[in-house]
Amino acid sequence: MTQATEDERNAAILQAERLGLRLPAAVLDGVVANQQLLARHHAVVREALAETVQ
(Lines give C-alpha, C1' and ligand atoms only; values in the text may rest on other atoms or scores of the structure.)
Protein backbone atom coordinates (compact mmCIF):
# COMPACT_ATOMS: atom_id res chain seq x y z
CA MET A 1 0.00 0.00 0.00
CA THR A 2 1.12 3.50 -0.69
CA GLN A 3 1.23 6.16 1.99
CA ALA A 4 -1.95 8.24 2.13
CA THR A 5 -1.55 11.76 0.81
CA GLU A 6 -2.83 14.78 2.69
CA ASP A 7 -5.56 15.24 0.04
CA GLU A 8 -6.70 11.63 0.51
CA ARG A 9 -6.79 12.07 4.28
CA ASN A 10 -8.79 15.29 3.95
CA ALA A 11 -11.24 13.63 1.55
CA ALA A 12 -11.79 10.75 4.00
CA ILE A 13 -12.38 13.22 6.84
CA LEU A 14 -14.91 15.17 4.75
CA GLN A 15 -16.75 11.99 3.75
CA ALA A 16 -16.94 10.89 7.37
CA GLU A 17 -18.16 14.31 8.52
CA ARG A 18 -20.93 14.24 5.91
CA LEU A 19 -22.10 11.00 7.52
CA GLY A 20 -21.86 12.51 10.98
CA LEU A 21 -18.80 10.44 11.88
CA ARG A 22 -15.42 11.33 13.31
CA LEU A 23 -12.34 9.40 12.24
CA PRO A 24 -9.66 9.04 14.91
CA ALA A 25 -6.20 9.87 13.57
CA ALA A 26 -5.06 6.33 14.35
CA VAL A 27 -7.49 4.82 11.81
CA LEU A 28 -7.28 7.47 9.09
CA ASP A 29 -4.49 5.82 7.07
CA GLY A 30 -6.33 2.49 7.23
CA VAL A 31 -9.52 4.10 5.93
CA VAL A 32 -7.62 5.66 3.04
CA ALA A 33 -5.88 2.35 2.29
CA ASN A 34 -9.26 0.62 2.13
CA GLN A 35 -10.57 3.31 -0.23
CA GLN A 36 -7.52 2.86 -2.47
CA LEU A 37 -8.01 -0.91 -2.51
CA LEU A 38 -11.69 -0.56 -3.34
CA ALA A 39 -10.90 1.87 -6.18
CA ARG A 40 -8.37 -0.55 -7.67
CA HIS A 41 -10.84 -3.43 -7.39
CA HIS A 42 -13.55 -1.33 -9.05
CA ALA A 43 -11.19 -0.47 -11.93
CA VAL A 44 -10.31 -4.13 -12.47
CA VAL A 45 -13.97 -5.17 -12.49
CA ARG A 46 -14.88 -2.37 -14.92
CA GLU A 47 -12.05 -3.40 -17.22
CA ALA A 48 -13.09 -7.06 -17.11
CA LEU A 49 -16.70 -6.14 -17.89
CA ALA A 50 -15.61 -3.95 -20.79
CA GLU A 51 -13.59 -6.84 -22.25
CA THR A 52 -16.58 -9.18 -21.84
CA VAL A 53 -18.88 -6.78 -23.71
CA GLN A 54 -16.47 -6.52 -26.63
# chains A, B, ... in the order shown; residues from 1 in each chain; ligands from 1
call {"tool": "residues_around", "arguments": {"residues": "stretch 10-17 of chain A", "least_positions_apart": "3", "cutoff": "12 Å", "atoms": "only C-alpha atoms", "output": "list in words"}}
result
Ala4, Thr5, Glu6, Asp7, Gly20, Leu21, Arg22, Leu23, Pro24, Ala25, Val27, Leu28, Asp29, Gly30, Val31, Val32, Ala33, Asn34, Gln35 and Gln36 of chain A
call {"tool": "write_last_selection", "arguments": {"atoms": "all heavy atoms", "output": "tab-separated table (two decimals), in the first residue's frame"}}
result
chain	number	residue	atom	x	y	z
A	4	ALA	N	-0.84	7.34	2.43
A	4	ALA	CA	-1.95	8.24	2.13
A	4	ALA	C	-1.45	9.67	2.01
A	4	ALA	O	-0.63	10.13	2.81
A	4	ALA	CB	-3.00	8.16	3.24
A	5	THR	N	-1.93	10.36	0.98
A	5	THR	CA	-1.55	11.76	0.81
A	5	THR	C	-2.44	12.63	1.70
A	5	THR	O	-3.49	12.17	2.19
A	5	THR	CB	-1.71	12.22	-0.65
A	5	THR	OG1	-3.11	12.20	-0.99
A	5	THR	CG2	-0.93	11.34	-1.60
A	6	GLU	N	-2.04	13.85	1.88
A	6	GLU	CA	-2.83	14.78	2.69
A	6	GLU	C	-4.21	14.99	2.06
A	6	GLU	O	-5.22	15.07	2.76
A	6	GLU	CB	-2.09	16.11	2.84
A	6	GLU	CG	-2.66	17.00	3.91
A	6	GLU	CD	-2.57	16.41	5.31
A	6	GLU	OE1	-1.63	15.64	5.60
A	6	GLU	OE2	-3.45	16.70	6.13
A	7	ASP	N	-4.27	15.06	0.72
A	7	ASP	CA	-5.56	15.24	0.04
A	7	ASP	C	-6.47	14.04	0.28
A	7	ASP	O	-7.68	14.20	0.50
A	7	ASP	CB	-5.36	15.42	-1.47
A	7	ASP	CG	-4.80	16.78	-1.82
A	7	ASP	OD1	-4.88	17.71	-0.98
A	7	ASP	OD2	-4.28	16.93	-2.94
A	20	GLY	N	-21.74	12.25	9.55
A	20	GLY	CA	-21.86	12.51	10.98
A	20	GLY	C	-20.88	11.69	11.81
A	20	GLY	O	-21.13	11.45	12.99
A	21	LEU	N	-19.80	11.26	11.19
A	21	LEU	CA	-18.80	10.44	11.88
A	21	LEU	C	-17.52	11.23	12.11
A	21	LEU	O	-17.23	12.18	11.40
A	21	LEU	CB	-18.47	9.20	11.04
A	21	LEU	CG	-19.65	8.32	10.66
A	21	LEU	CD1	-19.20	7.25	9.68
A	21	LEU	CD2	-20.26	7.69	11.90
A	22	ARG	N	-16.75	10.77	13.07
A	22	ARG	CA	-15.42	11.33	13.31
A	22	ARG	C	-14.42	10.19	13.20
A	22	ARG	O	-14.59	9.15	13.82
A	22	ARG	CB	-15.32	11.94	14.69
A	22	ARG	CG	-16.07	13.22	14.81
A	22	ARG	CD	-15.62	13.93	16.02
A	22	ARG	NE	-15.87	15.34	15.81
A	22	ARG	CZ	-15.69	16.24	16.72
A	22	ARG	NH1	-15.26	15.89	17.91
A	22	ARG	NH2	-15.94	17.50	16.47
A	23	LEU	N	-13.38	10.41	12.41
A	23	LEU	CA	-12.34	9.40	12.24
A	23	LEU	C	-11.17	9.72	13.17
A	23	LEU	O	-10.55	10.78	13.03
A	23	LEU	CB	-11.84	9.37	10.80
A	23	LEU	CG	-12.81	8.90	9.74
A	23	LEU	CD1	-12.17	9.01	8.36
A	23	LEU	CD2	-13.23	7.47	10.01
A	24	PRO	N	-10.85	8.83	14.09
A	24	PRO	CA	-9.66	9.04	14.91
A	24	PRO	C	-8.41	9.02	14.02
A	24	PRO	O	-8.36	8.28	13.03
A	24	PRO	CB	-9.66	7.86	15.87
A	24	PRO	CG	-11.04	7.31	15.83
A	24	PRO	CD	-11.58	7.63	14.48
A	25	ALA	N	-7.43	9.80	14.36
A	25	ALA	CA	-6.20	9.87	13.57
A	25	ALA	C	-5.56	8.51	13.39
A	25	ALA	O	-4.98	8.21	12.34
A	25	ALA	CB	-5.22	10.84	14.22
A	27	VAL	N	-6.87	5.68	12.83
A	27	VAL	CA	-7.49	4.82	11.81
A	27	VAL	C	-7.53	5.47	10.43
A	27	VAL	O	-7.89	4.83	9.46
A	27	VAL	CB	-8.92	4.40	12.22
A	27	VAL	CG1	-8.92	3.66	13.52
A	27	VAL	CG2	-9.86	5.57	12.24
A	28	LEU	N	-7.15	6.71	10.34
A	28	LEU	CA	-7.28	7.47	9.09
A	28	LEU	C	-6.52	6.83	7.94
A	28	LEU	O	-7.06	6.66	6.84
A	28	LEU	CB	-6.84	8.91	9.30
A	28	LEU	CG	-7.17	9.89	8.20
A	28	LEU	CD1	-8.65	9.83	7.82
A	28	LEU	CD2	-6.80	11.29	8.60
A	29	ASP	N	-5.27	6.44	8.15
A	29	ASP	CA	-4.49	5.82	7.07
A	29	ASP	C	-5.10	4.49	6.64
A	29	ASP	O	-5.09	4.15	5.45
A	29	ASP	CB	-3.03	5.62	7.48
A	29	ASP	CG	-2.24	6.92	7.43
A	29	ASP	OD1	-2.71	7.90	6.80
A	29	ASP	OD2	-1.14	6.96	8.02
A	30	GLY	N	-5.67	3.75	7.57
A	30	GLY	CA	-6.33	2.49	7.23
A	30	GLY	C	-7.58	2.72	6.39
A	30	GLY	O	-7.85	1.97	5.45
A	31	VAL	N	-8.33	3.76	6.71
A	31	VAL	CA	-9.52	4.10	5.93
A	31	VAL	C	-9.12	4.45	4.51
A	31	VAL	O	-9.72	3.98	3.54
A	31	VAL	CB	-10.30	5.26	6.59
A	31	VAL	CG1	-11.37	5.80	5.66
A	31	VAL	CG2	-10.91	4.81	7.91
A	32	VAL	N	-8.09	5.27	4.37
A	32	VAL	CA	-7.62	5.66	3.04
A	32	VAL	C	-7.10	4.44	2.28
A	32	VAL	O	-7.38	4.28	1.09
A	32	VAL	CB	-6.54	6.77	3.13
A	32	VAL	CG1	-5.91	7.03	1.77
A	32	VAL	CG2	-7.15	8.05	3.69
A	33	ALA	N	-6.39	3.56	2.94
A	33	ALA	CA	-5.88	2.35	2.29
A	33	ALA	C	-7.04	1.49	1.79
A	33	ALA	O	-6.98	0.95	0.67
A	33	ALA	CB	-5.01	1.55	3.25
A	34	ASN	N	-8.09	1.38	2.57
A	34	ASN	CA	-9.26	0.62	2.13
A	34	ASN	C	-9.93	1.28	0.94
A	34	ASN	O	-10.38	0.60	0.01
A	34	ASN	CB	-10.27	0.46	3.27
A	34	ASN	CG	-9.84	-0.57	4.27
A	34	ASN	OD1	-9.05	-1.45	3.97
A	34	ASN	ND2	-10.35	-0.46	5.48
A	35	GLN	N	-10.00	2.60	0.91
A	35	GLN	CA	-10.57	3.31	-0.23
A	35	GLN	C	-9.73	3.08	-1.48
A	35	GLN	O	-10.27	2.89	-2.57
A	35	GLN	CB	-10.69	4.80	0.07
A	35	GLN	CG	-11.75	5.13	1.09
A	35	GLN	CD	-11.77	6.59	1.47
A	35	GLN	OE1	-10.75	7.28	1.41
A	35	GLN	NE2	-12.92	7.07	1.87
A	36	GLN	N	-8.41	3.10	-1.33
A	36	GLN	CA	-7.52	2.86	-2.47
A	36	GLN	C	-7.72	1.44	-3.01
A	36	GLN	O	-7.79	1.24	-4.23
A	36	GLN	CB	-6.06	3.07	-2.08
A	36	GLN	CG	-5.70	4.50	-1.78
A	36	GLN	CD	-4.32	4.63	-1.14
A	36	GLN	OE1	-3.77	3.67	-0.63
A	36	GLN	NE2	-3.78	5.83	-1.18
